[in-house]
Amino acid sequence: MKKVIMGNHAVSHAVRLARTQVVAAYPITPQTQIVEELSNMCAEGKLRAKFIKVESEHSAMACCIGAAAAGSRAFTATSSQGLALMHELLHWAAGARLPVVLAEVNRALAPGWNIWTEQTDSLAQRDTGWLQFYCTSNQEILDSILIAFRVAEEVSLPAMVVYDAFYLSHTYEAVDIPEQEPVDAFLPPYEPSVKLDVDNPMAFGSLTTPEYYMEMRHKIEEATERVHEVLPTTYEEFGRIFGREYKAVEPYRCDGADLILATSGTVSSTAQLVIETLRERGMRVGGLNIRMFRPFPARAVREALGRCKKVAVLDRNISFGQGGIFAQELKSALCNEPHRPQVFGFIAGLGGRDITPASIEEVILTADKLDAPEREIEWIGLKT
Amino acid sequence: MNHEQIHEEELVCSGHYACQGCGGVIAMRHALRALGPNTIVVIPACCWSVIAGPFPYSALKVPVFHAAFETGGATASGVRAGLDMQGKTEVNVLAWAGDGGTFDIGLQSLSGAVERNENIIYACYDNEAYMNTGIQRSSATPLRAWTTTTPELFSKETPKKDIVQILVGHKIPYVATASIGFPDDLQAKFRKAKTIEGTKFIHILAPCPPGWKYSSELTIRVARLAAHCKVFPIYEVFDGEHYVINLEPEGKPVAEYLAMQGRFSHLTERQIQEIQARVDYDWEHLLHKAMLEKFEFRGA
Amino acid sequence: MSELKKIIFKSEAEMPSSPVSRAGTLANLTGSWRYLRPRYEEKLSPCIAACPAGERVEAWLRLLEDERYAEAWHLIKSVNPFPRVCGRVCFHPCETECNRGQYDRPIAIHALERFVADRARADDKGRPPSARKTGKSVGIVGSGPAGLTCAYHLARRGHSVTVYEAEAELGGMLRYGIPAYRLPKAVLDEEIEDIIMLGIDVHTNTRVEDIESLRRRHAAFFVATGFGESNRLQIPGEEGEGVLTALEFLRNTNSGCSVEPMGRVVVIGGGNAAIDAARTALRLGGHPTVLYRRSRAEMPAYAPEVEEAEREGVSVHFLTQPVEIVRESGRVVLVECVLNRLGEPDATGRKQPIAIPGSSSLIEADTVIIAAGERPGEYPLQIGSIPDSKAEESGQSKHGKFRNGIFVGGDLTEPRRTVAHAIGSGRRAAMQIDKFLGGSGEDPASYLDGDVVRFESLNLDYFPHKPRVRLPMLPLREREKNFGEIGLGISPQSAAEEADRCFHCGVCVACDNCSVFCPDIVVRKSSDGTYSIDYDYCKGCGICVHECPRNAMSIDEEIRT
C-alpha cells in the first residue's frame with residue numbers, strides 16, 4: 001500500500017512490520033516523530049511491544065542491550081547528541097553481539113545548537129562495531145530498517161540506518177508500505193543461539209583477560225566481514241519479495257566516466273540530477289552512491305572507481321585535521337590499487353547548509369579542471 | 001536457618017574471586033538464596049564484575065548480564081521488558097550494583113527505572129567507596145573517612161549521600177535497608193521484594209576489609225555494629241510513606257564502630273563527637289518519620 | 001568432577017562468539033590464598049570444669065532445652081547418682097564459673113538439675129541395665145555421698161557391692177547433717193533407693209571395727225567414713241548439759257528424736273553447719289543467735305544461706321568470740337564474749353581476729369551449739385593413714401590404694417568437704433577400684449580435660465540479655481516451725497527458658513553461623529549436624545571462627561609442606 005509519509009514515519013512502520021518487541025527511546029529533534037508514532041502504534045495495539053520511555057539515550061541503548069540479551073528484538077532511534085551520548089554502549093552492543101537496530105537521523109553536533117543535517121554524528125561512531133546504512137529516500141528508509149534487522153540478526157551485530165535530518169526525516173514522500181505477511185517471510189522471529197535464560201544459565205560479558213580478548217575482537221571483525229556475503233543475497237531476496245533492488249554501492253552513469261562523484265545520503269539524489277545535466281553537456285562524469293558505510297564496501301568501491309582517472313568525494317561531515325570521512329575511506333580503499341585515481345575531497349553542507357545543484361556542479365568542475373588536488377580539503381560554499 | 005537448605009539453594013559458587021572476608025559475597029549469597037534460581041542478575045561495573053570470575057567462568061549459578069557502569073537500572077529495565085515480551089513475567093530481574101554504580105554514575109539510570117516503576121529488584125551492596133579500583137571516595141563514603149582520594153589530611157568533608165531518601169522520593173512500592181550482619185532480615189526483604197509488583201530497592205551494607213582497613217574476620221561484627229550504633233539503621237519504607245524500623249539498635253557509641261576501622265583511625269575526639277551528633281540527629285529524624293505512622297519495631 | 005577442570009581454548013574456533021561463561025568457578029582453588037586455617041575445636045565449658053561431681057552440665061542443659069528430659073537425666077546419672085540431692089544442696093560452683101555470670105547472671109543450673117531429676121524420677125523409673133557380673137566383691141565403709149556414689153558406679157560395672165553403715169540408715173551427712181527444709185528425706189530416700197536397687201548389699205548399724213576381718217569377703221574396699229567428730233572450743237563451761245555440737249544437734253533432729261523446747265540458742269561458728277543448726281533451732285521454736293569471730297566477708301558459710309537465715313529471724317553477731325559459757329547450777333545461762341577486730345591475713349589468707357581488750361559482753365543462752373568444724377573419727381587411723389600430700393607426691397593419687405586394695409575417699413581425702421566433692425571422689429575411687437579389679441576403669445567423666453572457655457573468647461553478639469529464672473521460695477510465714485522444703489521447683493516453661501540462656505561455651509550446637517556467614521561457601525553440614533570445611537576453597541578469612549558465638553572453633557597459621 002502506497003502512502004505519502006515522512007521519513008520518520010517510514011521508520012515507525014518498518015519497526016511495526018518487524019514485530020519489534022522492545023522499543024526504548026528518548027526524544028530528540030529531528031528523530032522524535034519516529035517514537036511518537038511508535039507510541040501511538042503501541043497504544044492502538046498495532047504494535048505489540050514494550051515501549052520504555054527512558055530518561056536518556058544512554059539508557060535507551062542500555063535497555064535495548066538488556067532486551068536483546070534477554071532474546072527480544074529491540075529498537076531505538078536517536079540523533080546527534082543522543083548518539084554521542086550512546087557511544088559507550090554502541091561498543092557494548094557490538095561487543096555483546098546483540099543485533100539492536102537504531103534509526104539515526106543525521107544532525108550536526110553542538111555547539112552551537114544546530115538541529116540540521118550533517119553526518120559527523122553517525123560517522124564518528126564508525127569504530128563501534130555497528131553496521132551503517134545510509135539512505136536516499138523514505139522508501140529506502142523503510143526497506144533499510146527491515147534489511148538491517150535481517151542482516152544484524154544473521155551476523156549478530158547491531159545496525160544503524162542513517163538518513164538526513166529534515167531532507168528525509170520531515171519530508172513527505174510516497175512510500176510503499178508492505179503487508180505484514182511478506183515482511184514475516186523476509187524477517188523471521190528473533191531466535192538468538194544464546195540468551196539470558198534461567199533454564200540455561202550463562203554469564204554474558206565476563207571479565208576477559210588478554211588470553212582471550214583478542215579472539216573475541218577477531219570474531220567481531222569476521223562477523224562484520226561476513227556482511228559482504230550476507231548483504232547481496234539479502235538484497236536479492238528482498239528484491240524478489242518486494243520488488244525493490246538495492247546494492248551496497250550504487251554507480252550512476254559510470255560507464256566510460258573519467259570523473260566519478262562519490263556521495264551518500266540525499267546528496268546522492270541531487271548529484272544524479274547534476275550528473276545527468278553534465279552528461280548532456282558531454283562531460284564524461286558518473287556518480288557513486290555509497291549506501292553501506294560499515295562494513296566499508298571496499299571491493300565494490302574499487303570495482304566502481306578502479307578505471308576512472310579522478311574521484312571527487314563530497315562529504316557532509318568533517319574529521320578535523322583529516323577532512324571528509326568518506327574521502328578518507330575511499331582513499332584507503334584505493335591506495336593499494338596499481339592504477340588508482342586522484343581523489344579530490346570536498347566538504348559541503350555542514351550544519352544543514354543547502355547543497356545545491358550549483359555547488360555540486362562546482363565540485364565536479366573543480367575536480368575536472370585540476371590534474372591533482374591542490375589541497376587535502378576543499379571547502380565548498382564558505383563565505384569569503 | 002538450616003544449613004542443608006542453604007547448600008541446596010546456594011547459587012554462589014566457591015572459587016569466586018572476592019577478597020578474604022568480602023561482605024559483597026555474603027550479601028549476594030543471601031539475596032540469591034531468597035530469590036531462588038528463577039532470577040537473572042544484571043551487574044554493572046563493581047567488585048562483582050571481578051568476583052564473578054573471568055570468561056569462561058561464572059561464580060553465579062543464575063544467568064548474569066555484565067553491564068556498563070552507569071546502566072544498572074536501564075539494563076535491568078531492558079531485560080525485564082525483553083522477558084515480559086516473551087511471557088516470562090515470573091522471572092526475577094535483579095540489578096546488583098555497588099555504591100559507585102548506584103549513588104554516583106548509575107544514579108540517573110536508576111532514577112529513570114525507578115520513576116517508571118519497572119518491575120525489578122535493584123540491590124546496592126554498599127562498601128562505601130570505589131573498592132574495585134582501589135578505594136577511592138564515592139558519594140557513599142561517610143564523613144571523615146579515609147580513602148586514597150580523601151587522604152587523612154583531607155578526609156571526606158561531606159556526609160554520605162542518603163540514597164534511601166532519594167529512592168523514597170520516587171514513591172516506589174518498597175525501599176529497604178539491610179545488612180549482611182542480619183541475614184535473616186536480609187533474606188526476608190528479598191523474599192518480600194519478590195512478591196511486590198514494581199520497583200524494589202534494597203540498600204545493603206557490605207563491609208570491605210581492605211577498604212575499611214580492618215581484619216577480615218571482623219566483617220560481620222562491623223556490619224552488626226553499624227546497625228547497633230545507628231550508623232546504618234535497618235528499616236523499610238513502603239510506597240514512599242510508611243516507615244518500619246526492623247531492628248532496635250543497642251545504641252552503642254559510634255566511637256566503638258569507628259575504632260574498629262583503620263579508615264577512621266585519624267579522627268580526633270572532636271570529630272568523633274561531630275559524627276556521633278550527626279548519627280543521633282539522623283536517627284531521631286528517622287524515628288520521627290517512622291512515628292508519622294503507628295510506630296513499631298518489628299521484623300521484616 | 002568435570003567442573004573442576006580448567007577450561008582452555010586452544011583455538012578461536014572452540015570459543016563462543018562473545019565472552020559468554022557457562023562454567024562455575026570451581027576450577028579456581030582459592031584455598032591456596034589461605035594463610036590462616038580455621039577448624040572445629042570444641043572446648044570445655046567452665047560449668048563442666050567446675051563441677052566437683054564431674055557432670056557434663058552444658059550437655060544436659062542442651063538436652064533440657066530440647067525438652068529431652070529423660071536423656072538429660074541419664075546423662076547426669078552417668079556420673080552422679082544424686083541429681084535430686086545436688087539440685088537442692090550443692091553450692092553449685094558451676095554457677096560461680098558460668099560465663100553468663102559476667103554477661104548478666106549465671107544460668108540457674110542447680111534449679112535446672114533439680115527440675116530435670118525431679119521430673120525424670122516422676123516420669124521414668126527405668127533403671128540402666130546392670131552390667132554382666134564380674135564376680136568381684138567390694139566392701140564400702142560409710143554410706144555418705146562418696147560411699148554410695150562409689151557403690152553405684154561399681155555396681156553398674158557388674159561388681160558385687162556391700163555397704164557398711166554404722167548408723168541406722170544410709171546417707172551419712174546427707175541424712176544426718178543436712179536439714180529437711182533443704183533436702184526432704186523422701187527425696188534422699190528415693191535416690192538412695194535407686195542406688196540400692198542396682199543390687200547392693202546393705203549392712204546398717206554395722207560399724208566396721210577392723211577392715212582386716214572382712215578381707216576374705218571382699219577383694220577391695222572403699223573407706224569413706226567422713227568427718228564424724230566435731231571440734232570443741234576449748235573454753236570454760238563447754239562440758240556438760242546444754243552444750244552440744246552442731247553435728248549432734250542436727251543428727252538428733254534429722255533422725256527424728258524429739259527435741260526439748262529450745263529457748264535462747266547460741267550457735268558458735270561461721271560455717272554451713274552453724275547456719276543449718278541455727279535455722280533448725282528456729283524451726284524447733286528456738287531463738288537462735290549465731291556468733292562468728294570474723295566479719296561477714298570471711299564467713300565460710302554459703303552467703304545466700306546466711307541471708308536466708310537472717311530473713312527467717314536468725315541474728316548473726318560478727319566479730320564476736322565466746323570466751324566462756326557461764327553456768328548457773330549446771331545450767332547454761334550466759335555466753336561471755338569479746339569483740340574482735342581483724343588483723344593481718346594469716347597463711348590461709350583470712351584476716352586474723354584479734355580480741356579488743358575490755359570489750360567483754362554477755363549473751364543470754366539456754367542452749368549452746370558449737371559449730372567449730374569437724375574432723376575424721378578415730379576409725380580411719382586404724383586402717384593405715386589418711387592419704388596426705390606425700391601420697392600424692394609419691395605418684396599415688398589421693399584415691400590411691402593403701403594396703404592392698406583399700407581405697408579411701410570422700411571428706412577424708414577431699415580438700416573441700418562438700419556433697420559434690422564427695423560424689424566426685426566416690427566416682428573416681430570407683431574407677432580406680434574397677435581398674436584394680438581388672439576392669440577398664442574408664443571414667444564416664446573423661447571429658448574433663450581441655451581448655452576452659454573464657455568469657456572474653458565468646459562472641460556475645462548472638463546472646464540477647466535475658467533475666468535469670470526467678471527461683472520460687474516458700475514464703476517466710478510458711479517456714480515457721482516446720483521443715484517443709486524452702487526451695488520450690490520451677491515450671492517446665494521456666495526451665496526451658498532458663499536452659500535457653502546457656503551460652504554452651506566451647507560447644508558446637510549447630511547454630512549455622514559458620515556457614516551462614518562464610519563468604520566462600522566452604523562450610524558443609526552433614527546429616528548428623530556436624531560441619532566440615534572445604535579447604536580447597538576456604539580463603540581463611542576467619543569469619544566462621546569469629547562469628548562462632550561459643551568458641552567452638554579455632555584458627556591457626558596455615559602450614560604448607
# chains A, B, ... in the order shown; residues from 1 in each chain; ligands from 1
>>> interface_residues(of="chain B", to="chain A", cutoff="10 Å", atoms="only C-alpha atoms", output="PyMOL selection string")
chain B and resi 37-43+49-68+70-86+88+91-92+108-113+115-116+118
>>> interface_residues(of="chain B", to="chain C", cutoff="8 Å", atoms="only C-alpha atoms", output="mmCIF file with C-alpha atoms, in the first residue's frame")
data_model
loop_
_atom_site.group_PDB
_atom_site.id
_atom_site.type_symbol
_atom_site.label_atom_id
_atom_site.label_comp_id
_atom_site.auth_asym_id
_atom_site.auth_seq_id
_atom_site.Cartn_x
_atom_site.Cartn_y
_atom_site.Cartn_z
ATOM 1 C CA MET B 1 18.394 -21.052 59.359
ATOM 2 C CA ASN B 2 19.059 -24.547 58.206
ATOM 3 C CA HIS B 3 22.346 -25.117 56.549
ATOM 4 C CA GLU B 4 21.466 -28.130 54.429
ATOM 5 C CA ILE B 6 21.475 -23.354 52.327
ATOM 6 C CA HIS B 7 23.616 -25.639 50.254
ATOM 7 C CA VAL B 12 27.015 -18.625 44.501
ATOM 8 C CA CYS B 13 29.833 -20.937 43.594
ATOM 9 C CA SER B 14 33.028 -21.463 45.595
ATOM 10 C CA GLY B 15 36.163 -20.392 43.802
ATOM 11 C CA HIS B 16 34.937 -16.870 43.184
ATOM 12 C CA TYR B 17 37.454 -14.054 43.093
ATOM 13 C CA GLN B 20 39.048 -12.660 52.087
ATOM 14 C CA GLY B 21 36.066 -11.723 54.199
ATOM 15 C CA CYS B 22 34.199 -9.902 51.420
ATOM 16 C CA GLY B 23 30.853 -8.561 52.568
ATOM 17 C CA VAL B 25 29.671 -12.015 48.521
ATOM 18 C CA ILE B 26 27.774 -12.652 51.718
ATOM 19 C CA ARG B 29 24.601 -15.353 48.737
ATOM 20 C CA GLY B 53 35.227 -14.645 37.617
ATOM 21 C CA PHE B 55 35.498 -15.744 30.957
ATOM 22 C CA PRO B 56 34.702 -18.642 30.567
ATOM 23 C CA TYR B 57 33.787 -18.968 34.256
ATOM 24 C CA SER B 58 30.969 -17.504 36.304
ATOM 25 C CA ALA B 59 30.549 -17.760 40.056
ATOM 26 C CA LEU B 60 26.781 -17.449 39.846
ATOM 27 C CA LYS B 61 24.515 -20.332 39.012
ATOM 28 C CA PRO B 183 20.992 -12.395 57.070
ATOM 29 C CA SER B 216 38.907 -9.918 57.519
ATOM 30 C CA GLU B 217 37.308 -11.941 60.313
ATOM 31 C CA LEU B 218 35.525 -8.823 61.575
ATOM 32 C CA THR B 219 33.257 -8.280 58.564
ATOM 33 C CA ILE B 220 30.090 -9.407 60.272
ATOM 34 C CA ARG B 221 30.924 -7.723 63.532
#
>>> residues_around(residues="stretch 193-195 of chain C", least_positions_apart="5", cutoff="10 Å", atoms="only C-alpha atoms", output="PyMOL selection string")
chain C and resi 81-82+121+125-127+148-149+151-153+155-156+170+187-188+200
>>> write_last_selection(atoms="all heavy atoms", output="compact mmCIF listing (two decimals), in the first residue's frame")
# COMPACT_ATOMS: atom_id res chain seq x y z
N PRO C 81 24.85 -40.13 90.88
CA PRO C 81 23.59 -40.79 91.24
C PRO C 81 22.67 -39.89 92.08
O PRO C 81 21.57 -40.32 92.43
CB PRO C 81 24.05 -42.00 92.04
CG PRO C 81 25.37 -41.59 92.61
CD PRO C 81 25.99 -40.62 91.65
N PHE C 82 23.13 -38.68 92.37
CA PHE C 82 22.37 -37.83 93.30
C PHE C 82 21.93 -36.49 92.71
O PHE C 82 22.09 -35.44 93.32
CB PHE C 82 23.21 -37.54 94.56
CG PHE C 82 23.37 -38.71 95.47
CD1 PHE C 82 24.61 -39.30 95.66
CD2 PHE C 82 22.27 -39.21 96.19
CE1 PHE C 82 24.76 -40.38 96.53
CE2 PHE C 82 22.43 -40.28 97.05
CZ PHE C 82 23.66 -40.87 97.21
N ARG C 121 12.49 -38.55 87.55
CA ARG C 121 12.19 -39.60 88.53
C ARG C 121 10.70 -39.85 88.53
O ARG C 121 10.25 -41.00 88.65
CB ARG C 121 12.67 -39.14 89.93
CG ARG C 121 12.46 -40.15 91.06
CD ARG C 121 13.42 -41.28 90.94
NE ARG C 121 13.52 -42.31 91.99
CZ ARG C 121 12.57 -42.94 92.63
NH1 ARG C 121 11.34 -42.62 92.49
NH2 ARG C 121 12.85 -43.91 93.47
N LYS C 125 10.96 -44.50 85.77
CA LYS C 125 11.70 -45.20 86.82
C LYS C 125 12.61 -46.26 86.22
O LYS C 125 13.11 -47.12 86.92
CB LYS C 125 10.72 -45.81 87.81
CG LYS C 125 9.82 -44.75 88.43
CD LYS C 125 9.56 -45.04 89.90
CE LYS C 125 8.76 -43.88 90.48
NZ LYS C 125 8.60 -43.96 91.91
N GLY C 126 12.74 -46.21 84.90
CA GLY C 126 13.59 -47.21 84.24
C GLY C 126 15.00 -47.16 84.77
O GLY C 126 15.58 -46.10 84.92
N ARG C 127 15.56 -48.28 85.09
CA ARG C 127 16.93 -48.34 85.60
C ARG C 127 17.87 -48.66 84.44
O ARG C 127 17.50 -49.42 83.56
CB ARG C 127 17.06 -49.47 86.64
CG ARG C 127 16.03 -49.42 87.73
CD ARG C 127 16.52 -48.59 88.90
NE ARG C 127 15.49 -48.55 89.93
CZ ARG C 127 14.49 -47.67 89.94
NH1 ARG C 127 14.39 -46.80 88.96
NH2 ARG C 127 13.60 -47.67 90.91
N LEU C 148 28.18 -44.07 98.65
CA LEU C 148 27.09 -44.53 97.79
C LEU C 148 27.39 -44.30 96.32
O LEU C 148 26.99 -45.09 95.47
CB LEU C 148 25.78 -43.85 98.20
CG LEU C 148 25.19 -44.34 99.53
CD1 LEU C 148 23.92 -43.58 99.87
CD2 LEU C 148 24.91 -45.85 99.50
N THR C 149 28.08 -43.21 96.02
CA THR C 149 28.43 -42.96 94.61
C THR C 149 29.38 -44.04 94.12
O THR C 149 29.25 -44.56 93.02
CB THR C 149 29.08 -41.58 94.45
OG1 THR C 149 28.16 -40.59 94.89
CG2 THR C 149 29.47 -41.30 93.01
N ALA C 151 29.62 -47.02 95.33
CA ALA C 151 28.83 -48.25 95.23
C ALA C 151 28.05 -48.28 93.92
O ALA C 151 28.00 -49.29 93.21
CB ALA C 151 27.87 -48.33 96.41
N TYR C 152 27.47 -47.16 93.59
CA TYR C 152 26.65 -47.02 92.38
C TYR C 152 27.46 -47.35 91.13
O TYR C 152 27.06 -48.16 90.30
CB TYR C 152 26.14 -45.58 92.35
CG TYR C 152 25.47 -45.11 91.09
CD1 TYR C 152 24.13 -45.43 90.83
CD2 TYR C 152 26.15 -44.29 90.19
CE1 TYR C 152 23.51 -44.94 89.69
CE2 TYR C 152 25.53 -43.81 89.05
CZ TYR C 152 24.21 -44.13 88.79
OH TYR C 152 23.59 -43.65 87.68
N HIS C 153 28.62 -46.75 91.02
CA HIS C 153 29.41 -46.96 89.80
C HIS C 153 29.96 -48.38 89.74
O HIS C 153 30.01 -48.98 88.65
CB HIS C 153 30.55 -45.94 89.73
CG HIS C 153 30.09 -44.57 89.32
ND1 HIS C 153 29.67 -44.29 88.05
CD2 HIS C 153 29.94 -43.42 90.03
CE1 HIS C 153 29.28 -43.01 87.98
NE2 HIS C 153 29.45 -42.47 89.19
N ALA C 155 28.61 -51.04 91.06
CA ALA C 155 27.51 -51.95 90.76
C ALA C 155 27.18 -51.88 89.28
O ALA C 155 26.89 -52.91 88.65
CB ALA C 155 26.30 -51.59 91.61
N ARG C 156 27.22 -50.68 88.71
CA ARG C 156 26.92 -50.54 87.28
C ARG C 156 27.96 -51.23 86.41
O ARG C 156 27.72 -51.51 85.24
CB ARG C 156 26.83 -49.06 86.91
CG ARG C 156 25.47 -48.48 87.23
CD ARG C 156 25.49 -46.98 87.32
NE ARG C 156 25.89 -46.34 86.07
CZ ARG C 156 25.06 -45.65 85.28
NH1 ARG C 156 23.79 -45.55 85.59
NH2 ARG C 156 25.51 -45.07 84.19
N LEU C 170 21.01 -45.26 105.70
CA LEU C 170 22.04 -44.85 104.75
C LEU C 170 21.99 -43.35 104.50
O LEU C 170 20.96 -42.71 104.68
CB LEU C 170 21.84 -45.58 103.42
CG LEU C 170 21.95 -47.11 103.45
CD1 LEU C 170 21.67 -47.67 102.06
CD2 LEU C 170 23.32 -47.57 103.94
N VAL C 187 13.12 -37.32 99.23
CA VAL C 187 13.95 -37.18 98.03
C VAL C 187 15.20 -38.01 98.20
O VAL C 187 15.60 -38.77 97.31
CB VAL C 187 14.29 -35.69 97.79
CG1 VAL C 187 15.35 -35.55 96.71
CG2 VAL C 187 13.04 -34.91 97.43
N LEU C 188 15.83 -37.86 99.35
CA LEU C 188 17.05 -38.61 99.62
C LEU C 188 16.77 -40.11 99.55
O LEU C 188 17.49 -40.87 98.93
CB LEU C 188 17.60 -38.22 100.99
CG LEU C 188 18.86 -38.97 101.41
CD1 LEU C 188 20.02 -38.64 100.48
CD2 LEU C 188 19.23 -38.63 102.86
N ILE C 200 22.72 -53.74 95.54
CA ILE C 200 23.76 -53.52 96.54
C ILE C 200 23.33 -54.11 97.88
O ILE C 200 22.19 -53.95 98.32
CB ILE C 200 24.06 -52.01 96.64
CG1 ILE C 200 24.79 -51.58 95.35
CG2 ILE C 200 24.88 -51.69 97.87
CD1 ILE C 200 24.76 -50.12 95.08
>>> atom_distance(atom1="atom CA of C:Arg84", atom2="atom CA of C:Ala53")
13.2 Å
>>> select_by_dssp(residues="stretch 202-326 of chain A", states="strand (DSSP E)", output="VMD selection string")
chain A and resid 203 to 204 249 to 252 259 to 263 285 to 290 292 to 294 310 to 315
>>> residues_around(residues="stretch 135-152 of chain A", least_positions_apart="5", cutoff="6 Å", atoms="only C-alpha atoms", output="JSON, numbers by chain")
{"A": [7, 10, 11, 14, 99, 157, 158, 159, 163, 175, 187, 265, 266]}
>>> write_last_selection(atoms="N, CA, C and O atoms", output="tab-separated table (two decimals), in the first residue's frame")
chain	number	residue	atom	x	y	z
A	7	GLY	N	9.77	10.66	6.35
A	7	GLY	CA	10.81	9.65	6.55
A	7	GLY	C	10.78	9.04	7.94
A	7	GLY	O	10.96	7.83	8.11
A	10	ALA	N	8.26	6.47	8.14
A	10	ALA	CA	8.67	5.26	7.41
A	10	ALA	C	9.40	4.32	8.36
A	10	ALA	O	9.21	3.10	8.32
A	11	VAL	N	10.20	4.92	9.23
A	11	VAL	CA	10.89	4.10	10.24
A	11	VAL	C	9.86	3.42	11.14
A	11	VAL	O	9.91	2.22	11.39
A	14	ALA	N	8.28	0.51	9.56
A	14	ALA	CA	9.20	-0.62	9.44
A	14	ALA	C	9.36	-1.34	10.78
A	14	ALA	O	9.37	-2.56	10.85
A	99	PRO	N	21.96	-7.78	18.15
A	99	PRO	CA	21.53	-7.16	16.89
A	99	PRO	C	20.48	-6.07	17.09
A	99	PRO	O	19.39	-6.12	16.52
A	157	LEU	N	25.29	-8.65	14.98
A	157	LEU	CA	25.89	-7.34	15.21
A	157	LEU	C	24.80	-6.28	15.11
A	157	LEU	O	23.82	-6.47	14.37
A	158	PRO	N	24.96	-5.19	15.81
A	158	PRO	CA	23.95	-4.14	15.74
A	158	PRO	C	24.08	-3.32	14.45
A	158	PRO	O	25.15	-3.28	13.86
A	159	ALA	N	22.98	-2.68	14.07
A	159	ALA	CA	23.00	-1.93	12.81
A	159	ALA	C	22.27	-0.61	12.98
A	159	ALA	O	21.24	-0.53	13.65
A	163	TYR	N	19.92	8.60	8.01
A	163	TYR	CA	19.38	9.46	6.96
A	163	TYR	C	19.36	10.90	7.44
A	163	TYR	O	19.45	11.19	8.63
A	175	VAL	N	5.45	6.25	-0.13
A	175	VAL	CA	6.20	5.07	0.32
A	175	VAL	C	5.29	3.86	0.21
A	175	VAL	O	4.13	3.91	0.63
A	187	LEU	N	11.57	-11.62	7.35
A	187	LEU	CA	12.21	-11.41	8.65
A	187	LEU	C	11.59	-12.34	9.70
A	187	LEU	O	10.58	-12.01	10.31
A	265	GLY	N	23.71	9.54	1.16
A	265	GLY	CA	22.53	10.22	1.66
A	265	GLY	C	21.82	10.98	0.55
A	265	GLY	O	21.97	10.67	-0.64
A	266	THR	N	21.05	11.99	0.97
A	266	THR	CA	20.20	12.68	0.00
A	266	THR	C	21.00	13.42	-1.06
A	266	THR	O	20.50	13.69	-2.14
>>> residues_around(residues="C:Leu63", least_positions_apart="6", cutoff="12 Å", atoms="only C-alpha atoms", output="count of residues only")
20
>>> closest_residue(among="A:Ile325, A:Val311, A:Val194, A:Val285", to="chain C", atoms="only C-alpha atoms")
A:Val194
>>> atom_distance(atom1="atom CA of C:Pro467", atom2="atom CA of C:Gly87")
20.3 Å
>>> atom_distance(atom1="atom CA of B:Arg224", atom2="atom CA of B:Asn127")
14.1 Å
>>> select_by_dssp(residues="stretch 73-251 of chain B", states="helix (DSSP H, G or I)", output="PyMOL selection string")
chain B and resi 73-85+99-104+107-115+152-154+163-168+183-195+209-212+216-228
>>> residues_around(residues="stretch 244-252 of chain B", least_positions_apart="2", cutoff="12 Å", atoms="only C-alpha atoms", output="PyMOL selection string")
(chain B and resi 174-179+181-182+184-186+188-189+224-242+254-258+276+279-280+283+286-300) or (chain C and resi 461+464-465)
>>> residues_around(residues="B:Ala34", least_positions_apart="6", cutoff="7 Å", atoms="only C-alpha atoms", output="MDAnalysis selection string")
chainID B and resid 187 190:191
